[in-house]
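Structure data (compact mmCIF, C-alpha atoms) from coords_32.txt:
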# COMPACT_ATOMS: atom_id res chain seq x y z
CA MET A 1 91.77 88.37 79.12
CA ALA A 2 93.43 91.55 80.40
CA SER A 3 93.37 92.05 84.15
CA ALA A 4 91.31 94.86 85.62
CA PRO A 5 93.20 98.11 86.26
CA ALA A 6 94.50 98.55 89.79
CA ALA A 7 92.23 100.48 92.16
CA ALA A 8 95.14 102.08 94.03
CA LEU A 9 98.70 103.24 93.52
CA LEU A 10 101.02 101.15 95.69
CA LEU A 11 103.98 102.99 97.20
CA GLY A 12 106.63 100.81 98.85
CA ILE A 13 108.95 102.39 101.43
CA SER A 14 111.73 100.13 102.63
CA GLY A 15 115.13 100.28 104.27
CA PRO A 16 116.95 99.21 107.43
CA SER A 17 115.46 99.36 110.89
CA SER A 18 115.33 102.93 112.23
CA SER A 19 115.92 104.55 108.83
CA GLY A 20 112.76 106.65 109.12
CA LYS A 21 110.28 104.51 107.13
CA THR A 22 107.34 104.91 109.48
CA THR A 23 108.01 108.59 110.14
CA LEU A 24 108.13 109.27 106.40
CA SER A 25 105.02 107.17 105.81
CA ARG A 26 103.00 109.13 108.37
CA LEU A 27 104.16 112.47 106.94
CA LEU A 28 103.17 111.37 103.45
CA ARG A 29 99.78 110.20 104.72
CA ASP A 30 99.22 113.73 106.03
CA ILE A 31 100.12 115.24 102.65
CA LEU A 32 98.72 112.84 100.04
CA PRO A 33 94.95 112.77 99.43
CA GLN A 34 93.09 109.46 99.83
CA SER A 35 96.18 107.81 101.30
CA PHE A 36 96.56 105.17 103.98
CA ILE A 37 99.37 103.06 105.43
CA LEU A 38 99.86 99.31 105.52
CA HIS A 39 102.73 98.14 107.74
CA LEU A 40 104.67 94.95 107.00
CA ASP A 41 105.21 94.77 110.78
CA ASP A 42 101.50 93.97 111.13
CA PHE A 43 102.19 90.62 109.45
CA TYR A 44 104.50 88.99 111.95
CA LEU A 45 103.80 85.39 112.91
CA GLU A 46 102.73 84.52 116.44
CA GLU A 47 105.59 84.68 118.92
CA ARG A 48 105.90 80.90 119.22
CA ASN A 49 106.65 80.75 115.47
CA ILE A 50 109.35 83.41 115.41
CA PRO A 51 112.69 81.72 114.53
CA ILE A 52 115.36 81.36 117.20
CA ARG A 53 118.92 82.28 116.24
CA GLU A 54 121.78 81.86 118.65
CA GLY A 55 119.31 81.58 121.49
CA VAL A 56 117.40 84.77 120.57
CA GLN A 57 114.12 85.32 118.72
CA ASP A 58 114.83 86.80 115.28
CA TRP A 59 112.09 89.31 114.42
CA ASP A 60 114.16 90.76 111.57
CA CYS A 61 114.16 87.91 109.07
CA ILE A 62 111.81 86.83 106.30
CA GLU A 63 110.89 83.64 108.17
CA SER A 64 109.26 85.72 110.93
CA LEU A 65 106.62 87.08 108.54
CA ASP A 66 103.22 85.88 107.33
CA LEU A 67 103.98 86.51 103.66
CA ASN A 68 100.81 84.84 102.42
CA GLY A 69 98.71 87.17 104.54
CA PHE A 70 100.76 90.14 103.33
CA ARG A 71 100.29 89.16 99.67
CA GLU A 72 96.56 88.79 100.21
CA ALA A 73 96.40 92.25 101.78
CA LEU A 74 98.26 93.80 98.85
CA SER A 75 95.96 92.02 96.40
CA HIS A 76 92.94 93.37 98.27
CA ILE A 77 94.32 96.90 98.01
CA LYS A 78 95.05 96.49 94.29
CA LYS A 79 91.49 95.28 93.71
CA HIS A 80 89.48 97.46 96.09
CA GLY A 81 91.64 100.53 96.76
CA SER A 82 91.42 100.12 100.52
CA SER A 83 93.07 98.26 103.36
CA PRO A 84 91.48 94.91 104.34
CA PRO A 85 88.59 95.70 106.71
CA THR A 86 89.65 93.06 109.23
CA LEU A 87 93.18 94.41 109.62
CA VAL A 88 93.83 96.39 112.82
CA SER A 89 97.31 97.90 112.91
CA LYS A 90 99.52 97.17 115.91
CA GLU A 91 102.38 99.09 114.35
CA ASP A 92 100.48 102.36 114.66
CA GLN A 93 100.66 101.84 118.43
CA ASN A 94 104.46 102.00 118.30
CA ALA A 95 106.13 105.36 118.77
CA VAL A 96 108.36 106.99 116.18
CA GLY A 97 110.94 109.72 116.61
CA GLU A 98 110.39 113.43 116.16
CA HIS A 99 110.51 114.34 112.48
CA ARG A 100 111.44 118.04 112.90
CA VAL A 101 109.79 118.94 109.60
CA PRO A 102 108.37 122.47 109.82
CA ALA A 103 104.59 122.67 109.72
CA GLU A 104 104.90 125.40 107.09
CA LEU A 105 106.73 123.02 104.73
CA ILE A 106 104.13 120.28 105.25
CA GLU A 107 101.36 122.72 104.36
CA GLU A 108 103.31 123.95 101.30
CA LEU A 109 103.80 120.39 100.06
CA LYS A 110 100.15 119.56 100.71
CA GLN A 111 99.05 122.50 98.58
CA ARG A 112 101.50 121.49 95.84
CA VAL A 113 100.01 118.00 95.71
CA GLN A 114 96.47 119.37 95.72
CA ALA A 115 97.34 121.45 92.66
CA LEU A 116 98.67 118.34 90.88
CA VAL A 117 95.57 116.36 91.85
CA ALA A 118 93.37 119.05 90.31
CA GLU A 119 95.51 119.31 87.18
CA LYS A 120 95.56 115.54 86.58
CA SER A 121 92.02 114.89 87.87
CA TRP A 122 93.64 112.34 90.19
CA ASN A 123 91.10 110.27 92.14
CA MET A 124 93.01 107.09 92.94
CA PRO A 125 93.84 106.13 96.54
CA ILE A 126 97.53 105.87 97.41
CA ALA A 127 98.54 102.92 99.59
CA ILE A 128 101.76 103.58 101.51
CA ILE A 129 103.40 100.26 102.34
CA ASP A 130 106.05 100.48 105.05
CA GLY A 131 108.38 97.51 105.59
CA PHE A 132 111.97 96.53 106.30
CA LEU A 133 112.11 93.71 103.71
CA LEU A 134 109.96 94.88 100.81
CA PHE A 135 112.76 94.94 98.22
CA SER A 136 114.85 91.90 99.09
CA ASN A 137 115.44 89.35 96.32
CA GLU A 138 113.62 86.73 98.39
CA MET A 139 110.49 88.90 98.08
CA ALA A 140 110.93 89.82 94.40
CA ASP A 141 107.34 88.80 93.62
CA ILE A 142 106.08 91.25 96.26
CA ARG A 143 108.57 93.92 95.18
CA ASP A 144 107.10 93.80 91.68
CA LEU A 145 103.65 94.76 92.99
CA PHE A 146 104.71 98.28 93.90
CA ASP A 147 104.20 101.17 91.50
CA VAL A 148 106.79 103.31 93.30
CA ARG A 149 109.72 101.86 95.28
CA LEU A 150 111.58 104.14 97.69
CA PHE A 151 114.61 102.82 99.55
CA LEU A 152 115.78 104.70 102.65
CA ARG A 153 119.30 104.23 103.89
CA THR A 154 121.19 104.90 107.08
CA SER A 155 124.52 104.03 108.62
CA TYR A 156 125.15 101.24 111.09
CA ARG A 157 125.96 103.79 113.81
CA THR A 158 122.72 105.72 113.30
CA ALA A 159 120.58 102.57 113.06
CA LYS A 160 122.11 101.17 116.24
CA THR A 161 121.69 104.43 118.18
CA ARG A 162 118.06 104.89 117.13
CA ARG A 163 117.05 101.27 117.60
CA GLU A 164 118.58 101.00 121.04
CA ALA A 165 116.83 104.20 122.10
CA ARG A 166 113.43 102.62 121.52
CA THR A 167 111.48 101.25 124.46
CA GLY A 168 110.06 98.29 122.55
CA TYR A 169 107.32 97.16 120.19
CA VAL A 170 103.68 96.15 120.48
CA THR A 171 103.25 92.59 119.13
CA LEU A 172 100.31 90.25 118.47
CA GLU A 173 100.47 88.90 121.99
CA GLY A 174 102.16 91.56 124.04
CA PHE A 175 105.30 93.65 123.96
CA TRP A 176 108.83 92.98 122.68
CA GLU A 177 112.01 94.62 123.92
CA ASP A 178 115.32 94.03 122.17
CA PRO A 179 117.72 92.08 124.37
CA PRO A 180 121.25 93.47 124.82
CA GLY A 181 123.35 93.19 121.67
CA TYR A 182 120.34 92.53 119.43
CA VAL A 183 121.33 95.06 116.75
CA ASP A 184 124.79 93.56 116.33
CA GLN A 185 123.64 89.96 116.63
CA ILE A 186 120.43 90.05 114.58
CA VAL A 187 119.28 93.35 113.06
CA TRP A 188 122.32 94.59 111.16
CA PRO A 189 123.60 91.20 109.89
CA ASN A 190 120.12 90.46 108.48
CA TYR A 191 119.98 93.84 106.80
CA VAL A 192 123.38 93.30 105.19
CA LYS A 193 122.41 89.82 103.99
CA ASP A 194 119.15 90.95 102.42
CA HIS A 195 120.26 94.27 100.89
CA SER A 196 123.95 94.09 100.00
CA PHE A 197 122.97 93.33 96.38
CA LEU A 198 121.75 96.93 96.04
CA PHE A 199 125.18 98.39 96.81
CA GLN A 200 128.49 98.58 95.01
CA GLN A 201 130.76 95.74 96.17
CA GLY A 202 127.99 94.76 98.61
CA ASP A 203 128.99 97.55 101.01
CA VAL A 204 125.72 98.74 102.58
CA GLU A 205 127.43 101.86 103.92
CA GLY A 206 128.88 102.68 100.51
CA GLU A 207 127.28 103.79 97.27
CA LEU A 208 124.14 102.26 95.80
CA ASP A 209 124.61 100.31 92.57
CA GLU A 210 122.63 102.47 90.16
CA ASP A 211 122.32 99.75 87.52
CA VAL A 212 120.93 97.22 90.00
CA CYS A 213 118.52 99.74 91.47
CA LYS A 214 117.35 100.78 88.01
CA ARG A 215 116.66 97.17 86.98
CA ALA A 216 114.67 96.65 90.17
CA GLY A 217 112.83 99.97 89.75
CA ILE A 218 114.11 101.20 93.11
CA HIS A 219 114.74 104.86 93.90
CA GLY A 220 117.53 105.18 96.46
CA MET A 221 117.41 108.07 98.90
CA PRO A 222 120.20 110.61 98.29
CA ARG A 223 122.98 110.61 100.86
CA GLU A 224 122.27 114.20 101.88
CA ALA A 225 118.78 113.16 103.01
CA GLU A 226 120.06 110.57 105.49
CA ALA A 227 120.31 113.09 108.31
CA SER A 228 117.33 115.23 107.31
CA MET A 229 113.72 114.04 107.29
CA GLU A 230 112.85 117.34 105.62
CA GLN A 231 115.05 116.52 102.62
CA CYS A 232 113.90 112.90 102.66
CA LEU A 233 110.26 114.00 102.53
CA GLU A 234 110.84 116.39 99.64
CA TRP A 235 112.74 113.72 97.69
CA ALA A 236 110.06 111.08 98.32
CA LEU A 237 107.21 113.38 97.39
CA GLN A 238 108.90 114.33 94.12
CA LYS A 239 109.15 110.65 93.13
CA ILE A 240 105.48 110.14 93.99
CA GLU A 241 104.42 113.22 92.03
CA ASP A 242 106.41 111.95 89.03
CA ALA A 243 104.48 108.67 89.21
CA MET A 244 101.16 110.47 89.54
CA SER A 245 101.97 112.61 86.51
CA ARG A 246 102.77 109.53 84.40
CA ARG A 247 99.69 107.59 85.46
CA LYS A 248 96.89 107.52 82.91

Rendering of file as structure tokens:
Amino acid sequence: MASAPAAALLLGISGPSSSGKTTLSRLLRDILPQSFILHLDDFYLEERNIPIREGVQDWDCIESLDLNGFREALSHIKKHGSSPPTLVSKEDQNAVGEHRVPAELIEELKQRVQALVAEKSWNMPIAIIDGFLLFSNEMADIRDLFDVRLFLRTSYRTAKTRREARTGYVTLEGFWEDPPGYVDQIVWPNYVKDHSFLFQQGDVEGELDEDVCKRAGIHGMPREAEASMEQCLEWALQKIEDAMSRRK
């Protein structure tokens, strides 16, 4: 028996810490009709279950996540077209950087999408899923659930500067602040381990491997968009509009 058609389009936005995932997600939520955000960061385990590596809690590894709960949430969205009613986002309490995207451009893009919605008679909710590990090979079963897969990239220097400028993160039981050296000890090595397969010669600061990305259905952000959320937003929205146009 064929499965019922999905009740929502699932958009996955992934990439290293501080690459702009949450900022982009919130901008898209403002532009796309019937859209909402689900954050992978809302599926961390309780603090006592976060793995310890070299004497430090590792919040940036797959073992720190409640993947069963995350899968169930995605299944609920696919079936019902809405976020699970019992889920209250902690991630939305965390601050993100200034996006510097002109309000005029946001309004222009919003009107462009509204025209497409009218043309295609689009009435399906769009679930924006924001997470640092959505496309890793260890989560291939989850990766396959997304209708659109957008991968943001950034350099080690930029990721380190942005991450260390943050004051901390709201967690299930309180507040987490990165200890000194956390980016070099935990964040960046984990990112390299989980995402080097997407890059030529495994160099995460080099060029993406187009063949690998194509097989995985992943759209890699152009290099010129790394330093411009405006360009990143326009690129992302074009990929989403392409998917909306193809959807029957």

Separation of CA of Gly15 in chain A from CA of Pro180 in chain A, in Å and rounded to one decimal: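 Between CA of Gly15 in chain A and CA of Pro180 in chain A the gap works out to 22.5 Å.
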
CA of Thr86 in chain A to CA of Ser17 in chain A, distance in Å rounded to a single decimal: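 Taking CA of Thr86 in chain A and CA of Ser17 in chain A, their separation equals 26.6 Å.
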
Pick from A:Asp203, A:Glu119, A:Asp141, A:Glu63, whichever lies nearest to Met244 in chain A using only C-alpha atoms: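 Going through A:Asp203, A:Glu119, A:Asp141, A:Glu63 one by one, the smallest distance to Met244 in chain A is for A:Glu119.
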
Pick from A:Ala127, A:Ala243, A:Phe135, A:Ala140, whichever lies nearest to Ser75 in chain A using all atoms listed in the file: A:Ala127

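The spacing separating CA of Met124 in chain A from CA of Pro33 in chain A amounts to 8.8 Å.
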
Residue with smallest distance to Lys193 in chain A - pool A:Leu133, A:Ile128, A:Ile50, A:Val113, counting all atoms listed in the file: A:Leu133

Neighbour list for range 54-62 of chain A as an MDAnalysis selection string, cut-off 12 Å, all atoms listed in the file, skip fewer than 6 positions in-chain: chainID A and resid 16:17 40:41 43:48 68 70 131:139 169 171 176:194

Contacts of range 19-24 of chain A within 10 Å, all atoms listed in the file, excl. fewer than 5 positions in-chain, as an MDAnalysis selection string: chainID A and resid 12:14 29:30 37 39 91:92 94:99 128:132 150:155 158:159 162:163 226:230 232:233 236:237
